[in-house]
Amino acid sequence: MDVVVILGVAGALIGVHVWLPNRLLSEFVFTYGEPSLVTAWTAATIHDSTIHLTSNLVWYGVVIGPAYTLYAIRGRRRLFWLLYTSLFVATPLSTIAVDYWLLYQRWGLVGPDSIAFGFSGVVSAFGGLLLVGLIGVIAAWYSWSISIAITVGFVASGLGISLAQSLLVAVPTSEMLTVGIVVAVGPDSFWWWSRERSVRRWLSAHQDAILLFGACGVAITALVVGMFSVAPVSGGRFPNVVAHGNRFVTGISLAATGLSLL
């Protein structure tokens, strides 16, 4: 049932993209000159191309799959669905409000005819859910210091790659992502290595953790790179770094609050 619900969201987005007539698109996207609470939410379901939709669905799967696994491992499936639903419903409204205030009213970076749409903001919030879940599992298996070091390393490596990619566009993202992940995992790996006398014993003792944390860390690092890279243009559109960052922080804040209360 859990898998059905997760895939059902993807199916609904595909259905909206395939079956919604073009003449209705303007009624569902958020227009800065004509703000609406309804379109602030419905805009998250609208995509202007199949490539745009496919990209967001791929990121959705990359993020939500590991996030669900982490919460299920700790016996927190109920908390996962509570946070999932809360982010799905509240994130589009809260972050559109921030975008409207900053980008439109304060900074004037968008005009009254500019529109906002796409599921990437919600995916960014789910990235915060994944990050908090990873922090909790590492802390439960090892310690808070190791947990913070690893997760901060993943996020920092993603931010570093984003910055370098923006300044050095010629450097392939895949190579920079590999370097970033090695940098993020390296210090903790060497710390564990020094505690073990045998490479085999080290690999055997931490095999499950390496696979799980590595997979989640790759997802987090890659997501951060995608959220904060400002150089690439997709379909003539620059990524909304403000929206992505805002929603990522929203996801972290809500997930951390829910984890501490329940």
# chains A, B, ... in the order shown; residues from 1 in each chain; ligands from 1
$ residues_around --residues "Leu134 of chain A" --least-positions-apart "3" --cutoff "12 Å" --atoms "only C-alpha atoms" --output "MDAnalysis selection string"
chainID A and resid 63 66:74 127:131 137:142 144 146:152 154:155 209 212:220 252 255:256 259
$ atom_distance --atom1 "atom CA of Gly245 of chain A" --atom2 "atom CA of Phe228 of chain A"
7.4 Å
$ residues_around --residues "Ser94 of chain A" --least-positions-apart "6" --cutoff "9 Å" --atoms "only C-alpha atoms" --output "PyMOL selection string"
chain A and resi 40+247+250
$ write_last_selection --atoms "N, CA and C atoms" --output "tab-separated table (two decimals), in the first residue's frame"
chain	number	residue	atom	x	y	z
A	40	ALA	N	-1.42	28.66	-5.92
A	40	ALA	CA	-0.16	28.44	-5.21
A	40	ALA	C	0.06	26.96	-4.97
A	247	ARG	N	12.45	25.50	0.30
A	247	ARG	CA	11.70	24.27	0.51
A	247	ARG	C	12.55	23.19	1.15
A	250	THR	N	12.59	24.08	4.69
A	250	THR	CA	11.26	23.78	5.23
A	250	THR	C	11.13	22.30	5.55
$ atom_distance --atom1 "atom CA of Leu109 of chain A" --atom2 "atom CA of Ala222 of chain A"
26.9 Å
$ decode --residues "segment 145-156 of chain A" --atoms "all heavy atoms" --output "PDB file, in the first residue's frame"
ATOM      1  N   SER A 145      27.804  12.666  16.818  1.00  0.00           N
ATOM      2  CA  SER A 145      28.946  13.359  16.209  1.00  0.00           C
ATOM      3  C   SER A 145      29.238  12.797  14.823  1.00  0.00           C
ATOM      4  O   SER A 145      29.481  13.551  13.865  1.00  0.00           O
ATOM      5  CB  SER A 145      30.182  13.234  17.106  1.00  0.00           C
ATOM      6  OG  SER A 145      30.525  11.861  17.305  1.00  0.00           O
ATOM      7  N   ILE A 146      29.210  11.470  14.691  1.00  0.00           N
ATOM      8  CA  ILE A 146      29.424  10.859  13.380  1.00  0.00           C
ATOM      9  C   ILE A 146      28.291  11.224  12.441  1.00  0.00           C
ATOM     10  O   ILE A 146      28.508  11.520  11.258  1.00  0.00           O
ATOM     11  CB  ILE A 146      29.546   9.330  13.516  1.00  0.00           C
ATOM     12  CG1 ILE A 146      30.823   8.965  14.282  1.00  0.00           C
ATOM     13  CG2 ILE A 146      29.535   8.664  12.145  1.00  0.00           C
ATOM     14  CD1 ILE A 146      30.985   7.477  14.522  1.00  0.00           C
ATOM     15  N   SER A 147      27.063  11.222  12.962  1.00  0.00           N
ATOM     16  CA  SER A 147      25.894  11.551  12.150  1.00  0.00           C
ATOM     17  C   SER A 147      25.990  12.957  11.566  1.00  0.00           C
ATOM     18  O   SER A 147      25.796  13.156  10.358  1.00  0.00           O
ATOM     19  CB  SER A 147      24.625  11.435  12.995  1.00  0.00           C
ATOM     20  OG  SER A 147      23.490  11.824  12.261  1.00  0.00           O
ATOM     21  N   ILE A 148      26.297  13.923  12.414  1.00  0.00           N
ATOM     22  CA  ILE A 148      26.400  15.307  11.956  1.00  0.00           C
ATOM     23  C   ILE A 148      27.550  15.472  10.966  1.00  0.00           C
ATOM     24  O   ILE A 148      27.418  16.154   9.939  1.00  0.00           O
ATOM     25  CB  ILE A 148      26.588  16.261  13.151  1.00  0.00           C
ATOM     26  CG1 ILE A 148      25.367  16.200  14.077  1.00  0.00           C
ATOM     27  CG2 ILE A 148      26.806  17.685  12.658  1.00  0.00           C
ATOM     28  CD1 ILE A 148      24.063  16.578  13.406  1.00  0.00           C
ATOM     29  N   ALA A 149      28.683  14.814  11.265  1.00  0.00           N
ATOM     30  CA  ALA A 149      29.845  14.940  10.379  1.00  0.00           C
ATOM     31  C   ALA A 149      29.538  14.412   8.981  1.00  0.00           C
ATOM     32  O   ALA A 149      29.871  15.050   7.968  1.00  0.00           O
ATOM     33  CB  ALA A 149      31.035  14.194  10.978  1.00  0.00           C
ATOM     34  N   ILE A 150      28.892  13.256   8.912  1.00  0.00           N
ATOM     35  CA  ILE A 150      28.610  12.644   7.608  1.00  0.00           C
ATOM     36  C   ILE A 150      27.583  13.460   6.826  1.00  0.00           C
ATOM     37  O   ILE A 150      27.776  13.770   5.644  1.00  0.00           O
ATOM     38  CB  ILE A 150      28.126  11.192   7.784  1.00  0.00           C
ATOM     39  CG1 ILE A 150      29.269  10.311   8.294  1.00  0.00           C
ATOM     40  CG2 ILE A 150      27.579  10.646   6.469  1.00  0.00           C
ATOM     41  CD1 ILE A 150      28.884   8.871   8.543  1.00  0.00           C
ATOM     42  N   THR A 151      26.471  13.807   7.482  1.00  0.00           N
ATOM     43  CA  THR A 151      25.403  14.512   6.768  1.00  0.00           C
ATOM     44  C   THR A 151      25.823  15.921   6.363  1.00  0.00           C
ATOM     45  O   THR A 151      25.508  16.365   5.247  1.00  0.00           O
ATOM     46  CB  THR A 151      24.126  14.581   7.625  1.00  0.00           C
ATOM     47  OG1 THR A 151      24.443  15.101   8.928  1.00  0.00           O
ATOM     48  CG2 THR A 151      23.521  13.196   7.791  1.00  0.00           C
ATOM     49  N   VAL A 152      26.523  16.611   7.239  1.00  0.00           N
ATOM     50  CA  VAL A 152      27.026  17.932   6.868  1.00  0.00           C
ATOM     51  C   VAL A 152      28.017  17.804   5.720  1.00  0.00           C
ATOM     52  O   VAL A 152      28.058  18.644   4.811  1.00  0.00           O
ATOM     53  CB  VAL A 152      27.686  18.630   8.075  1.00  0.00           C
ATOM     54  CG1 VAL A 152      28.454  19.870   7.646  1.00  0.00           C
ATOM     55  CG2 VAL A 152      26.629  19.012   9.113  1.00  0.00           C
ATOM     56  N   GLY A 153      28.809  16.740   5.730  1.00  0.00           N
ATOM     57  CA  GLY A 153      29.753  16.513   4.641  1.00  0.00           C
ATOM     58  C   GLY A 153      29.061  16.332   3.307  1.00  0.00           C
ATOM     59  O   GLY A 153      29.491  16.882   2.285  1.00  0.00           O
ATOM     60  N   PHE A 154      27.962  15.579   3.294  1.00  0.00           N
ATOM     61  CA  PHE A 154      27.215  15.376   2.056  1.00  0.00           C
ATOM     62  C   PHE A 154      26.634  16.692   1.541  1.00  0.00           C
ATOM     63  O   PHE A 154      26.732  17.016   0.357  1.00  0.00           O
ATOM     64  CB  PHE A 154      26.094  14.363   2.265  1.00  0.00           C
ATOM     65  CG  PHE A 154      26.562  12.934   2.297  1.00  0.00           C
ATOM     66  CD1 PHE A 154      26.156  12.081   3.318  1.00  0.00           C
ATOM     67  CD2 PHE A 154      27.399  12.437   1.312  1.00  0.00           C
ATOM     68  CE1 PHE A 154      26.584  10.756   3.350  1.00  0.00           C
ATOM     69  CE2 PHE A 154      27.829  11.113   1.335  1.00  0.00           C
ATOM     70  CZ  PHE A 154      27.420  10.274   2.362  1.00  0.00           C
ATOM     71  N   VAL A 155      26.003  17.450   2.441  1.00  0.00           N
ATOM     72  CA  VAL A 155      25.409  18.720   2.027  1.00  0.00           C
ATOM     73  C   VAL A 155      26.480  19.704   1.572  1.00  0.00           C
ATOM     74  O   VAL A 155      26.333  20.382   0.544  1.00  0.00           O
ATOM     75  CB  VAL A 155      24.580  19.331   3.180  1.00  0.00           C
ATOM     76  CG1 VAL A 155      24.073  20.727   2.802  1.00  0.00           C
ATOM     77  CG2 VAL A 155      23.398  18.431   3.529  1.00  0.00           C
ATOM     78  N   ALA A 156      27.579  19.784   2.332  1.00  0.00           N
ATOM     79  CA  ALA A 156      28.657  20.708   1.985  1.00  0.00           C
ATOM     80  C   ALA A 156      29.289  20.348   0.648  1.00  0.00           C
ATOM     81  O   ALA A 156      29.630  21.227  -0.152  1.00  0.00           O
ATOM     82  CB  ALA A 156      29.722  20.712   3.083  1.00  0.00           C
TER      83      ALA A 156
END
